[in-house]
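Undergrad: Enclosed is the structure file upload25.tsv (TSV, C-alpha atoms and all ligand atoms).
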chain	number	residue	atom	x	y	z
L	1	MET	CA	95.44	-24.60	29.93
L	2	ALA	CA	93.23	-27.69	29.65
L	3	GLN	CA	90.23	-27.24	27.40
L	4	ILE	CA	86.63	-27.92	28.34
L	5	HIS	CA	84.53	-29.07	25.39
L	6	ALA	CA	81.70	-30.61	27.35
L	7	PHE	CA	80.58	-31.35	30.93
L	8	ASP	CA	82.61	-34.58	31.02
L	9	ASP	CA	85.85	-32.62	30.50
L	10	ALA	CA	85.04	-30.28	33.40
L	11	ARG	CA	84.22	-33.22	35.66
L	12	ARG	CA	87.36	-35.15	34.68
L	13	LEU	CA	89.64	-32.14	35.22
L	14	ALA	CA	87.95	-31.34	38.54
L	15	ARG	CA	88.37	-34.92	39.69
L	16	ARG	CA	92.08	-34.74	38.97
L	17	ARG	CA	92.54	-31.52	40.96
L	18	LEU	CA	90.20	-31.92	43.93
L	19	PRO	CA	90.78	-34.01	47.06
L	20	TRP	CA	88.57	-37.09	46.96
L	21	MET	CA	86.43	-35.81	49.83
L	22	VAL	CA	85.65	-32.55	47.99
L	23	PHE	CA	85.02	-34.29	44.67
L	24	ASP	CA	82.69	-36.75	46.39
L	25	TYR	CA	80.89	-33.91	48.22
L	26	ILE	CA	80.14	-32.20	44.89
L	27	ASP	CA	79.59	-35.26	42.72
L	28	GLY	CA	77.83	-37.37	45.34
L	29	ALA	CA	74.16	-38.11	45.69
L	30	ALA	CA	71.76	-39.79	48.09
L	31	GLY	CA	72.08	-43.56	48.63
L	32	ASP	CA	73.81	-45.46	45.82
L	33	GLY	CA	73.29	-42.61	43.36
L	34	HIS	CA	70.46	-44.36	41.54
L	35	GLY	CA	68.18	-41.29	41.78
L	36	GLU	CA	70.78	-39.06	40.22
L	37	ALA	CA	71.33	-41.60	37.43
L	38	ALA	CA	67.55	-41.78	36.91
L	39	ASN	CA	67.46	-38.01	36.38
L	40	ARG	CA	70.13	-38.35	33.70
L	41	GLN	CA	68.47	-41.35	32.06
L	42	ALA	CA	65.08	-39.63	31.95
L	43	LEU	CA	66.67	-36.65	30.19
L	44	ARG	CA	68.38	-38.98	27.72
L	45	ASP	CA	65.03	-40.63	27.03
L	46	ILE	CA	63.54	-37.32	25.92
L	47	HIS	CA	63.76	-36.94	22.16
L	48	LEU	CA	63.46	-33.75	20.17
L	49	GLN	CA	61.77	-33.30	16.80
L	50	PRO	CA	64.03	-31.58	14.24
L	51	ARG	CA	62.38	-29.35	11.59
L	52	ILE	CA	63.87	-28.03	8.35
L	53	LEU	CA	63.98	-25.08	5.95
L	54	ASN	CA	62.70	-22.46	8.36
L	55	ASN	CA	65.46	-19.87	7.87
L	56	VAL	CA	67.01	-19.91	11.31
L	57	GLU	CA	69.90	-17.53	10.55
L	58	HIS	CA	69.10	-15.11	13.37
L	59	ARG	CA	68.42	-16.72	16.73
L	60	SER	CA	67.66	-15.24	20.13
L	61	LEU	CA	68.29	-16.99	23.45
L	62	ALA	CA	66.99	-14.12	25.58
L	63	THR	CA	63.96	-14.67	27.75
L	64	GLY	CA	62.05	-12.96	30.55
L	65	ILE	CA	61.48	-14.25	34.08
L	66	LEU	CA	60.21	-12.56	37.24
L	67	GLY	CA	59.76	-9.30	35.34
L	68	ARG	CA	63.34	-9.19	34.08
L	69	ARG	CA	64.99	-9.81	30.74
L	70	GLN	CA	67.57	-12.59	30.93
L	71	ALA	CA	70.20	-12.86	28.20
L	72	LEU	CA	70.28	-16.65	28.49
L	73	PRO	CA	67.66	-19.21	29.57
L	74	PHE	CA	69.74	-20.72	32.36
L	75	GLY	CA	71.38	-19.81	35.67
L	76	ILE	CA	73.60	-21.19	38.42
L	77	ALA	CA	71.81	-23.23	41.10
L	78	PRO	CA	72.55	-22.37	44.73
L	79	MET	CA	75.37	-24.47	46.17
L	80	GLY	CA	76.83	-24.46	49.66
L	81	MET	CA	80.58	-24.06	50.20
L	82	CYS	CA	81.54	-23.35	46.57
L	83	ASN	CA	85.00	-22.19	47.63
L	84	LEU	CA	85.84	-25.83	48.32
L	85	ALA	CA	85.94	-26.27	44.55
L	86	ARG	CA	88.61	-23.56	44.33
L	87	PRO	CA	89.58	-20.61	46.51
L	88	GLY	CA	87.61	-17.57	45.35
L	89	ALA	CA	85.09	-19.71	43.42
L	90	ASP	CA	82.11	-17.75	44.81
L	91	ARG	CA	83.49	-14.50	43.48
L	92	MET	CA	84.26	-16.08	40.11
L	93	LEU	CA	80.66	-17.31	39.90
L	94	ALA	CA	79.40	-13.84	40.87
L	95	ALA	CA	81.58	-12.21	38.22
L	96	LEU	CA	80.24	-14.63	35.61
L	97	ALA	CA	76.65	-13.90	36.67
L	98	ALA	CA	77.30	-10.16	36.37
L	99	SER	CA	79.12	-10.27	33.03
L	100	ARG	CA	76.78	-12.76	31.33
L	101	GLY	CA	73.58	-11.56	32.97
L	102	ILE	CA	72.66	-14.94	34.44
L	103	PRO	CA	71.08	-15.50	37.86
L	104	LEU	CA	73.22	-16.96	40.62
L	105	GLY	CA	71.73	-18.73	43.62
L	106	VAL	CA	73.55	-17.71	46.81
L	107	SER	CA	73.15	-20.47	49.38
L	108	THR	CA	72.46	-20.00	53.08
L	109	ALA	CA	75.52	-22.27	53.39
L	110	ALA	CA	77.66	-20.14	51.05
L	111	SER	CA	81.38	-19.70	51.65
L	112	THR	CA	81.19	-15.95	50.94
L	113	SER	CA	78.72	-13.73	52.77
L	114	LEU	CA	75.39	-12.98	51.14
L	115	GLU	CA	76.22	-9.25	51.34
L	116	GLU	CA	79.52	-9.66	49.45
L	117	MET	CA	77.85	-11.89	46.86
L	118	ALA	CA	75.06	-9.37	46.24
L	119	ALA	CA	77.64	-6.64	45.70
L	120	ALA	CA	79.70	-8.79	43.31
L	121	ALA	CA	76.92	-10.26	41.16
L	122	GLY	CA	75.63	-7.04	39.59
L	123	GLY	CA	71.98	-7.54	40.55
L	124	GLN	CA	71.97	-11.21	39.43
L	125	ALA	CA	72.20	-12.79	42.89
L	126	TRP	CA	69.18	-14.61	44.33
L	127	PHE	CA	69.29	-15.51	48.01
L	128	GLN	CA	68.52	-19.15	48.82
L	129	LEU	CA	67.07	-19.71	52.28
L	130	TYR	CA	67.24	-22.88	54.33
L	131	PHE	CA	64.82	-22.90	57.23
L	132	SER	CA	66.88	-24.12	60.17
L	133	GLY	CA	63.90	-24.79	62.43
L	134	ASN	CA	64.00	-21.35	64.01
L	135	ARG	CA	61.75	-18.58	62.66
L	136	ASP	CA	63.78	-15.78	64.22
L	137	ALA	CA	66.90	-17.03	62.47
L	138	ALA	CA	64.98	-17.21	59.16
L	139	ASP	CA	63.62	-13.70	59.68
L	140	ALA	CA	67.11	-12.41	60.39
L	141	LEU	CA	68.45	-13.91	57.15
L	142	ILE	CA	65.49	-12.48	55.21
L	143	ALA	CA	66.17	-9.04	56.71
L	144	ARG	CA	69.84	-9.30	55.72
L	145	ALA	CA	68.89	-10.33	52.17
L	146	ARG	CA	66.52	-7.37	51.90
L	147	ALA	CA	69.13	-4.95	53.26
L	148	ALA	CA	71.72	-6.31	50.82
L	149	GLY	CA	69.40	-5.51	47.90
L	150	TYR	CA	68.26	-8.99	46.84
L	151	GLU	CA	65.07	-8.97	44.76
L	152	THR	CA	64.52	-12.73	44.73
L	153	LEU	CA	64.34	-15.19	47.61
L	154	VAL	CA	64.51	-18.92	46.92
L	155	LEU	CA	63.11	-21.06	49.72
L	156	THR	CA	64.44	-24.62	49.46
L	157	VAL	CA	61.87	-27.08	50.78
L	158	ASP	CA	63.25	-30.50	49.85
L	159	VAL	CA	65.67	-30.85	52.76
L	160	PRO	CA	63.49	-31.60	55.81
L	161	GLU	CA	66.44	-33.78	56.80
L	162	VAL	CA	69.76	-33.82	54.96
L	163	GLY	CA	69.88	-36.90	52.72
L	164	ARG	CA	72.45	-39.59	53.56
L	165	ARG	CA	75.22	-39.35	50.98
L	166	PRO	CA	77.50	-42.34	51.53
L	167	ARG	CA	80.32	-41.04	49.32
L	168	GLU	CA	80.70	-38.01	51.61
L	169	LEU	CA	80.37	-40.12	54.74
L	170	ARG	CA	83.07	-42.57	53.62
L	171	ARG	CA	85.48	-39.68	53.08
L	172	GLY	CA	84.67	-38.17	56.48
L	173	PHE	CA	83.52	-34.94	54.81
L	174	ARG	CA	82.17	-32.43	57.32
L	175	MET	CA	81.10	-28.80	57.45
L	176	PRO	CA	82.56	-26.73	59.02
L	177	PHE	CA	85.50	-28.23	57.22
L	178	ARG	CA	87.78	-30.30	59.50
L	179	LEU	CA	90.91	-32.33	58.81
L	180	GLY	CA	91.56	-35.72	60.37
L	181	PRO	CA	94.39	-38.14	59.43
L	182	SER	CA	92.76	-39.54	56.28
L	183	GLN	CA	91.82	-36.03	55.07
L	184	ILE	CA	95.44	-34.95	55.54
L	185	ILE	CA	96.59	-37.82	53.29
L	186	ASP	CA	93.88	-36.85	50.79
L	187	CYS	CA	95.12	-33.24	50.78
L	188	ALA	CA	98.75	-34.34	50.42
L	189	MET	CA	97.76	-36.31	47.30
L	190	HIS	CA	96.20	-33.17	45.79
L	191	PRO	CA	98.83	-30.50	46.40
L	192	ARG	CA	97.59	-27.91	43.88
L	193	TRP	CA	94.25	-27.68	45.66
L	194	SER	CA	95.75	-27.97	49.14
L	195	LEU	CA	98.42	-25.29	48.71
L	196	SER	CA	96.06	-22.75	47.17
L	197	THR	CA	93.40	-23.48	49.80
L	198	LEU	CA	95.96	-23.24	52.63
L	199	TRP	CA	97.20	-19.97	51.17
L	200	GLN	CA	93.75	-18.41	50.94
L	201	GLY	CA	92.37	-19.84	54.17
L	202	ARG	CA	90.00	-22.68	54.96
L	203	PRO	CA	86.50	-22.15	53.45
L	204	GLU	CA	83.91	-21.19	56.06
L	205	LEU	CA	80.14	-20.92	56.28
L	206	ALA	CA	80.42	-17.19	55.73
L	207	ASN	CA	76.83	-16.25	56.60
L	208	PHE	CA	77.34	-17.46	60.15
L	209	GLY	CA	79.68	-17.10	63.09
L	210	GLY	CA	80.01	-14.28	65.61
L	211	ARG	CA	76.83	-12.24	65.97
L	212	PHE	CA	75.11	-14.26	63.23
L	213	GLY	CA	75.13	-17.50	65.22
L	214	GLU	CA	76.00	-20.96	63.92
L	215	PHE	CA	74.61	-23.15	61.14
L	216	ASP	CA	74.65	-26.91	61.44
L	217	ARG	CA	74.37	-28.40	57.97
L	218	THR	CA	73.14	-31.71	59.34
L	219	SER	CA	70.51	-30.32	61.72
L	220	SER	CA	66.84	-31.11	61.13
L	221	ARG	CA	64.79	-28.62	59.11
L	222	ALA	CA	61.74	-30.81	59.47
L	223	GLY	CA	59.65	-28.14	61.21
L	224	ALA	CA	58.95	-26.27	57.96
L	225	ASP	CA	55.24	-26.32	57.08
L	226	TRP	CA	52.60	-24.40	55.11
L	227	ASP	CA	52.25	-21.95	57.95
L	228	LEU	CA	55.96	-21.11	57.63
L	229	LEU	CA	55.40	-20.50	53.93
L	230	SER	CA	52.58	-18.00	54.71
L	231	HIS	CA	54.87	-16.30	57.20
L	232	ILE	CA	57.68	-16.00	54.63
L	233	ARG	CA	55.27	-14.82	51.94
L	234	GLU	CA	54.17	-12.05	54.35
L	235	ALA	CA	57.71	-11.16	55.36
L	236	TRP	CA	59.19	-11.11	51.84
L	237	ARG	CA	57.55	-8.79	49.33
L	238	GLY	CA	60.08	-9.48	46.57
L	239	ASN	CA	60.01	-12.47	44.22
L	240	LEU	CA	59.54	-15.73	46.08
L	241	VAL	CA	60.66	-18.97	44.41
L	242	ILE	CA	60.00	-22.34	46.07
L	243	LYS	CA	62.71	-24.85	45.17
L	244	GLY	CA	62.52	-28.62	45.43
L	245	VAL	CA	58.95	-29.39	44.31
L	246	LEU	CA	58.04	-32.70	42.63
L	247	ASP	CA	54.32	-33.08	43.25
L	248	PRO	CA	51.47	-31.49	41.23
L	249	GLU	CA	49.22	-31.08	44.30
L	250	ASP	CA	52.00	-29.29	46.16
L	251	ALA	CA	52.55	-27.08	43.11
L	252	LEU	CA	48.85	-26.16	42.97
L	253	ARG	CA	48.90	-25.27	46.65
L	254	LEU	CA	52.02	-23.13	46.15
L	255	LYS	CA	50.30	-21.34	43.29
L	256	SER	CA	47.32	-20.55	45.55
L	257	ALA	CA	49.71	-19.39	48.27
L	258	GLY	CA	50.91	-16.65	45.93
L	259	VAL	CA	54.48	-17.72	45.25
L	260	ASP	CA	56.05	-16.17	42.15
L	261	ALA	CA	57.71	-19.27	40.71
L	262	ILE	CA	58.15	-22.96	41.47
L	263	GLN	CA	61.47	-24.73	40.94
L	264	ILE	CA	61.02	-28.38	40.05
L	265	SER	CA	64.08	-30.13	41.42
L	266	SER	CA	65.16	-33.33	43.10
L	267	HIS	CA	68.21	-31.51	44.46
L	268	GLY	CA	70.26	-33.25	41.79
L	269	GLY	CA	69.41	-36.63	43.33
L	270	ARG	CA	71.07	-35.63	46.59
L	271	GLN	CA	68.03	-36.02	48.82
L	272	LEU	CA	65.73	-38.99	48.03
L	273	ASN	CA	67.39	-41.78	46.09
L	274	GLY	CA	64.06	-43.26	45.02
L	275	ALA	CA	62.42	-39.99	43.92
L	276	LEU	CA	60.87	-39.92	40.48
L	277	PRO	CA	62.98	-38.29	37.75
L	278	ALA	CA	62.51	-34.54	38.15
L	279	ILE	CA	61.85	-34.03	34.43
L	280	HIS	CA	58.76	-36.29	34.69
L	281	ALA	CA	57.58	-34.22	37.65
L	282	LEU	CA	58.07	-31.08	35.57
L	283	ALA	CA	55.67	-32.30	32.89
L	284	ALA	CA	53.07	-33.39	35.45
L	285	ILE	CA	53.31	-30.06	37.26
L	286	ARG	CA	53.08	-28.04	34.06
L	287	ARG	CA	49.90	-29.92	33.14
L	288	ALA	CA	48.48	-29.24	36.62
L	289	VAL	CA	49.30	-25.54	37.01
L	290	GLY	CA	48.60	-24.45	33.44
L	291	ALA	CA	50.66	-22.39	31.02
L	292	ASP	CA	51.04	-19.17	32.99
L	293	MET	CA	52.68	-20.22	36.26
L	294	PRO	CA	56.46	-19.64	36.05
L	295	LEU	CA	58.25	-22.97	36.43
L	296	PHE	CA	62.00	-23.38	36.77
L	297	TYR	CA	63.85	-26.68	36.48
L	298	ASP	CA	67.09	-28.17	37.78
L	299	SER	CA	68.53	-31.67	38.29
L	300	GLY	CA	70.70	-33.57	35.87
L	301	LEU	CA	71.16	-30.90	33.18
L	302	ARG	CA	74.62	-31.25	31.65
L	303	SER	CA	74.43	-29.62	28.19
L	304	GLY	CA	72.66	-27.03	26.10
L	305	GLU	CA	70.51	-29.76	24.59
L	306	ASP	CA	69.45	-30.83	28.08
L	307	ILE	CA	68.37	-27.25	28.77
L	308	VAL	CA	66.38	-27.20	25.52
L	309	LYS	CA	64.70	-30.46	26.58
L	310	ALA	CA	63.71	-28.98	29.96
L	311	LEU	CA	62.29	-25.86	28.31
L	312	ALA	CA	60.39	-27.93	25.74
L	313	ALA	CA	59.04	-30.14	28.54
L	314	GLY	CA	57.47	-27.14	30.28
L	315	ALA	CA	60.11	-25.10	32.11
L	316	ASP	CA	60.49	-21.34	31.68
L	317	PHE	CA	64.06	-21.34	32.91
L	318	ALA	CA	66.75	-23.84	33.88
L	319	PHE	CA	69.46	-24.06	36.53
L	320	LEU	CA	72.60	-26.19	36.72
L	321	GLY	CA	74.54	-27.09	39.86
L	322	ARG	CA	77.44	-29.55	39.61
L	323	PRO	CA	78.45	-28.50	36.07
L	324	PHE	CA	79.32	-24.98	37.25
L	325	SER	CA	81.08	-26.31	40.31
L	326	PHE	CA	83.24	-28.60	38.17
L	327	ALA	CA	83.88	-25.87	35.60
L	328	VAL	CA	85.23	-23.53	38.28
L	329	ALA	CA	87.24	-26.34	39.91
L	330	ALA	CA	88.69	-27.31	36.54
L	331	GLY	CA	89.58	-23.91	35.17
L	332	GLY	CA	88.55	-21.04	37.47
L	333	THR	CA	87.15	-18.01	35.66
L	334	HIS	CA	88.34	-19.36	32.30
L	335	GLY	CA	86.62	-22.67	32.96
L	336	LEU	CA	83.35	-20.91	33.78
L	337	GLU	CA	83.55	-18.75	30.66
L	338	GLN	CA	84.30	-21.78	28.50
L	339	PHE	CA	81.47	-23.83	29.94
L	340	THR	CA	78.96	-20.98	29.62
L	341	ASP	CA	79.98	-20.48	25.97
L	342	ILE	CA	79.45	-24.19	25.38
L	343	LEU	CA	75.93	-24.12	26.84
L	344	GLN	CA	75.08	-21.00	24.86
L	345	SER	CA	76.34	-22.42	21.59
L	346	GLU	CA	74.70	-25.83	22.15
L	347	ILE	CA	71.34	-24.18	22.84
L	348	SER	CA	71.65	-22.01	19.76
L	349	ILE	CA	72.57	-24.99	17.55
L	350	ALA	CA	69.73	-27.08	18.96
L	351	LEU	CA	67.29	-24.24	18.30
L	352	ALA	CA	68.44	-24.13	14.68
L	353	GLN	CA	67.96	-27.89	14.34
L	354	LEU	CA	64.44	-27.53	15.70
L	355	GLY	CA	63.65	-24.87	13.08
L	356	LEU	CA	63.24	-22.14	15.71
L	357	THR	CA	64.68	-18.64	15.98
L	358	ASP	CA	63.47	-17.60	19.42
L	359	ILE	CA	63.95	-19.59	22.63
L	360	ARG	CA	60.61	-18.26	23.88
L	361	ASN	CA	58.86	-20.21	21.12
L	362	LEU	CA	60.18	-23.53	22.38
L	363	SER	CA	57.21	-25.67	23.41
L	364	VAL	CA	56.07	-29.27	23.60
L	365	ALA	CA	55.82	-29.09	19.80
L	366	ALA	CA	59.62	-29.49	19.81
L	367	LEU	CA	59.32	-32.90	21.51
L	368	ALA	CA	59.15	-36.05	19.40
L	369	PRO	CA	55.64	-37.56	19.41
L	370	ALA	CA	56.69	-40.58	21.50
L	371	THR	CA	58.21	-38.27	24.11
L	372	ARG	CA	55.07	-36.12	24.19
L	373	GLU	CA	53.09	-39.28	24.82
L	374	MET	CA	55.51	-40.45	27.53
L	375	LEU	CA	55.18	-37.09	29.30
L	376	ARG	CA	51.40	-37.27	28.75
L	377	TYR	CA	51.27	-34.09	26.72
L	378	GLY	CA	49.17	-35.75	24.00
L	379	HIS	CA	50.05	-35.70	20.30
B	401	LIG	C1	77.85	-29.25	46.04
B	401	LIG	C2	76.37	-28.90	46.04
B	401	LIG	C3	75.87	-28.10	47.06
B	401	LIG	C4	74.52	-27.76	47.06
B	401	LIG	N1	74.04	-26.91	48.03
B	401	LIG	C5	72.76	-26.46	47.96
B	401	LIG	C6	72.30	-25.47	48.85
B	401	LIG	O1	73.03	-25.00	49.71
B	401	LIG	N2	71.02	-25.06	48.72
B	401	LIG	C7	70.16	-25.57	47.75
B	401	LIG	O2	69.00	-25.16	47.67
B	401	LIG	N3	70.59	-26.51	46.90
B	401	LIG	C8	71.87	-26.94	46.95
B	401	LIG	N4	72.31	-27.86	46.04
B	401	LIG	C9	71.38	-28.36	44.99
B	401	LIG	C10	71.45	-27.46	43.76
B	401	LIG	O3	70.90	-26.20	44.01
B	401	LIG	C11	70.66	-28.09	42.59
B	401	LIG	O4	69.36	-28.40	43.01
B	401	LIG	C12	71.33	-29.35	42.04
B	401	LIG	O5	72.74	-29.24	42.07
B	401	LIG	C13	70.87	-29.55	40.60
B	401	LIG	O6	71.35	-30.72	40.09
B	401	LIG	P1	72.68	-30.84	39.17
B	401	LIG	O7	73.83	-30.73	40.10
B	401	LIG	O8	72.50	-32.19	38.59
B	401	LIG	O9	72.63	-29.71	38.17
B	401	LIG	C14	73.66	-28.23	46.04
B	401	LIG	C15	74.18	-29.05	45.04
B	401	LIG	C16	75.52	-29.38	45.02
B	401	LIG	C17	76.05	-30.22	43.91
As structure tokens, what does this structure read like?
Ligand SMILES: Cc1cc2nc3c(=O)[nH]c(=O)nc-3n(C[C@H](O)[C@H](O)[C@H](O)COP(=O)(O)O)c2cc1C

TA:
Amino acid sequence: MAQIHAFDDARRLARRRLPWMVFDYIDGAAGDGHGEAANRQALRDIHLQPRILNNVEHRSLATGILGRRQALPFGIAPMGMCNLARPGADRMLAALAASRGIPLGVSTAASTSLEEMAAAAGGQAWFQLYFSGNRDAADALIARARAAGYETLVLTVDVPEVGRRPRELRRGFRMPFRLGPSQIIDCAMHPRWSLSTLWQGRPELANFGGRFGEFDRTSSRAGADWDLLSHIREAWRGNLVIKGVLDPEDALRLKSAGVDAIQISSHGGRQLNGALPAIHALAAIRRAVGADMPLFYDSGLRSGEDIVKALAAGADFAFLGRPFSFAVAAGGTHGLEQFTDILQSEISIALAQLGLTDIRNLSVAALAPATREMLRYGH
């Protein structure tokens, strides 16, 4: 079995196995991909400050968020149609979440129902809600999430309209998944994926269909506003996380609105090509909201060191999207286990290099002075 030693291995192996249209759906971004590259570059430009001789023999990566202990400081970001990466991918992700004790975002556009995912993830599933423009439909999904036992709802707010992703468009990628002549050629060129997917059945938007109505991925969600947020805050008494925030004023308003956590994210560069790097927004938002507001971060994280950078720059917890999708595409359950071990070990090694023994003590003090200045955290 091919080995994954780093994100690049998972991506390369996934690229080999997946039809071009599926690879481009996962890997793609808005516009020419500049925004996604800017997220990566901004993370590269963050430098850490190693410290020595602190006796770092015993190190803890456990942290606490939303009133729960988490064994590791990262989780799996919500992604629609994960079973495109590999048949059964959703269940593999849920099993990983349960066995490692890491949160798993279950998308409105998931390819396994939110009820099945809650049952499989051992209390680690968080339901991610897209507002489709219809409050009754949102209320119905919230009621299903509550009935299924979810404790945390993630409302994604950075998709008022779905971003144009030319790599998907060129391949004719659509959801629900449909095959035209060029997709048939694509599938024929990737027989391992095609045969296993044919065998297990075409991935579907499993939260919809029949009595649950339809979901159009491309439909406008532009009607979401602050009034909708108040409505959802009223309707959902569990933890409420707002995902896709890049502006300090918005973050302050969310804090006043009583949300439990804010997820700084540029949707992995999939929405607004010209958006500022999400890691810069994280620092600005942390400065605005103060030390106590729980802030989560995703977009562009590819390694344990990247996670350490996000935590040092102000996040309480981190999420990764594409890396988990590629890990499951590349190696199924084994790929996920390997990649999680890599992140865990990279975080632990980075902590040692920084002279720290507890992930909860990671702070801006771990950033090199020039980086602190760049993020306007002072010296
Ligand atoms: C294939 C794919 C599907 C996604 N689907 C959703 C989704 O349904 N809901 C959502 O809130 N975010 C979705 N996202 C965004 C992720 O939750 C996350 O913000 C992003 O992947 C983080 O960036 P990264 O991929 O660089 O780690 C998706 C991302 C990818 C790659």

Undergrad: Check the smallest atom-to-atom distance from each of L:Arg322, L:Arg237, L:Arg287, L:Arg135 to L:His267 using only C-alpha atoms, then report the winner.

TA: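 Result for the nearest residue to L:His267: L:Arg322.
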
Undergrad: Using all atoms listed in the file, find each residue of chain L with at least one atom at most 6 Å away from an atom of ligand LIG 401 (chain B); report its shortest atom-to-atom pair and that distance in Å (one decimal), sort the rows by chain and rising residue number, and return the result as a Markdown table.

TA:
| residue | atom | partner | partner_atom | distance |
| --- | --- | --- | --- | --- |
| L:Tyr25 | CA | B:LIG401 | C1 | 6.0 |
| L:Ile26 | CA | B:LIG401 | C1 | 3.9 |
| L:Ala77 | CA | B:LIG401 | O3 | 4.3 |
| L:Pro78 | CA | B:LIG401 | O3 | 4.2 |
| L:Met79 | CA | B:LIG401 | N1 | 3.3 |
| L:Gly80 | CA | B:LIG401 | O1 | 3.8 |
| L:Ser107 | CA | B:LIG401 | O1 | 4.5 |
| L:Ala109 | CA | B:LIG401 | O1 | 5.2 |
| L:Thr156 | CA | B:LIG401 | O2 | 4.9 |
| L:Ser265 | CA | B:LIG401 | O4 | 5.8 |
| L:His267 | CA | B:LIG401 | O4 | 3.6 |
| L:Gly268 | CA | B:LIG401 | O6 | 3.2 |
| L:Asp298 | CA | B:LIG401 | C13 | 4.9 |
| L:Ser299 | CA | B:LIG401 | O6 | 3.5 |
| L:Gly300 | CA | B:LIG401 | O8 | 3.5 |
| L:Leu301 | CA | B:LIG401 | O9 | 5.3 |
| L:Leu320 | CA | B:LIG401 | O9 | 3.8 |
| L:Gly321 | CA | B:LIG401 | O5 | 3.6 |
| L:Arg322 | CA | B:LIG401 | O7 | 3.8 |

Undergrad: Counting only C-alpha atoms, which residues of stretch 60-123 of chain L sit at most 12 Å from some atom of stretch 333-341 of chain L, and what is each one's closest atom pair with its distance in Å to one decimal, listed by chain and rising residue number, as a Markdown table?

TA:
| residue | atom | partner | partner_atom | distance |
| --- | --- | --- | --- | --- |
| L:Leu72 | CA | L:Thr340 | CA | 9.8 |
| L:Pro73 | CA | L:Thr340 | CA | 11.4 |
| L:Phe74 | CA | L:Thr340 | CA | 9.6 |
| L:Gly75 | CA | L:Thr340 | CA | 9.8 |
| L:Ile76 | CA | L:Thr340 | CA | 10.3 |
| L:Arg86 | CA | L:Thr333 | CA | 10.4 |
| L:Pro87 | CA | L:Thr333 | CA | 11.4 |
| L:Gly88 | CA | L:Thr333 | CA | 9.7 |
| L:Ala89 | CA | L:Thr333 | CA | 8.2 |
| L:Asp90 | CA | L:Thr333 | CA | 10.4 |
| L:Arg91 | CA | L:Thr333 | CA | 9.3 |
| L:Met92 | CA | L:Thr333 | CA | 5.6 |
| L:Leu93 | CA | L:Leu336 | CA | 7.6 |
| L:Ala94 | CA | L:Thr333 | CA | 10.2 |
| L:Ala95 | CA | L:Thr333 | CA | 8.4 |
| L:Leu96 | CA | L:Glu337 | CA | 7.2 |
| L:Ala97 | CA | L:Leu336 | CA | 10.1 |
| L:Ser99 | CA | L:Glu337 | CA | 9.9 |
| L:Arg100 | CA | L:Thr340 | CA | 8.7 |
| L:Gly101 | CA | L:Thr340 | CA | 11.4 |
| L:Ile102 | CA | L:Thr340 | CA | 10.0 |

Undergrad: Tell me which of L:Glu234, L:Glu204, L:Asp292, L:Glu115 sits closest to L:Arg174, counting only C-alpha atoms.

TA: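 Checking each of L:Glu234, L:Glu204, L:Asp292, L:Glu115 against L:Arg174, counting only C-alpha atoms, the winner is L:Glu204.
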
Undergrad: Give me, please, the distance in Å between atom CA of L:Val328 and atom CA of L:Arg302, quoted to one decimal.

TA: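 Pair atom CA of L:Val328 / atom CA of L:Arg302 returns 14.7 Å.
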
Undergrad: Any idea what the distance is between atom CA of L:Met189 and atom CA of L:Met81?

TA: 21.3 Å

Undergrad: If we count all atoms listed in the file and set the cut-off at 12 Å, which residues sit around L:Asp139, ignoring sequence neighbours fewer than 4 positions away in its own chain? Please answer as a list in words.

TA: Leu129, Tyr130, Phe131, Ser132, Gly133, Asn134, Arg135, Ala143, Arg144, Ala145, Arg146, Leu228, His231, Ile232, Arg233, Glu234, Ala235 and Trp236 of chain L

Undergrad: What's around L:Trp193 at 10 Å? Count only C-alpha atoms, leave out sequence neighbours fewer than 6 positions away in its own chain, and write the answer as a PyMOL selection string.

TA: chain L and resi 16-19+84-87+187+199+329

Undergrad: What does the structure give for the distance between atom CA of L:Phe296 and atom CA of L:Gly149, in Å to one decimal?

TA: 22.3 Å

Undergrad: Model the absent atoms of stretch 219-225 of chain L so that N, CA and C atoms are present, and write the result as a short mmCIF file (atom, residue, chain, number, x, y, z; two decimals), keeping the file's coordinate frame.

TA:
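Final file, part11.cif:
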data_model
loop_
_atom_site.label_atom_id
_atom_site.label_comp_id
_atom_site.auth_asym_id
_atom_site.auth_seq_id
_atom_site.Cartn_x
_atom_site.Cartn_y
_atom_site.Cartn_z
N SER L 219 71.63 -30.41 60.78
CA SER L 219 70.51 -30.32 61.72
C SER L 219 69.17 -30.45 60.99
N SER L 220 68.15 -30.86 61.73
CA SER L 220 66.84 -31.11 61.13
C SER L 220 66.18 -29.79 60.75
N ARG L 221 65.58 -29.79 59.54
CA ARG L 221 64.79 -28.62 59.11
C ARG L 221 63.34 -29.06 58.95
N ALA L 222 63.02 -30.14 59.70
CA ALA L 222 61.74 -30.81 59.47
C ALA L 222 60.55 -30.01 59.95
N GLY L 223 60.78 -28.93 60.70
CA GLY L 223 59.65 -28.14 61.21
C GLY L 223 59.00 -27.24 60.18
N ALA L 224 59.54 -27.15 58.99
CA ALA L 224 58.95 -26.27 57.96
C ALA L 224 57.57 -26.79 57.58
N ASP L 225 56.60 -25.90 57.48
CA ASP L 225 55.24 -26.32 57.08
C ASP L 225 54.57 -25.18 56.29
#
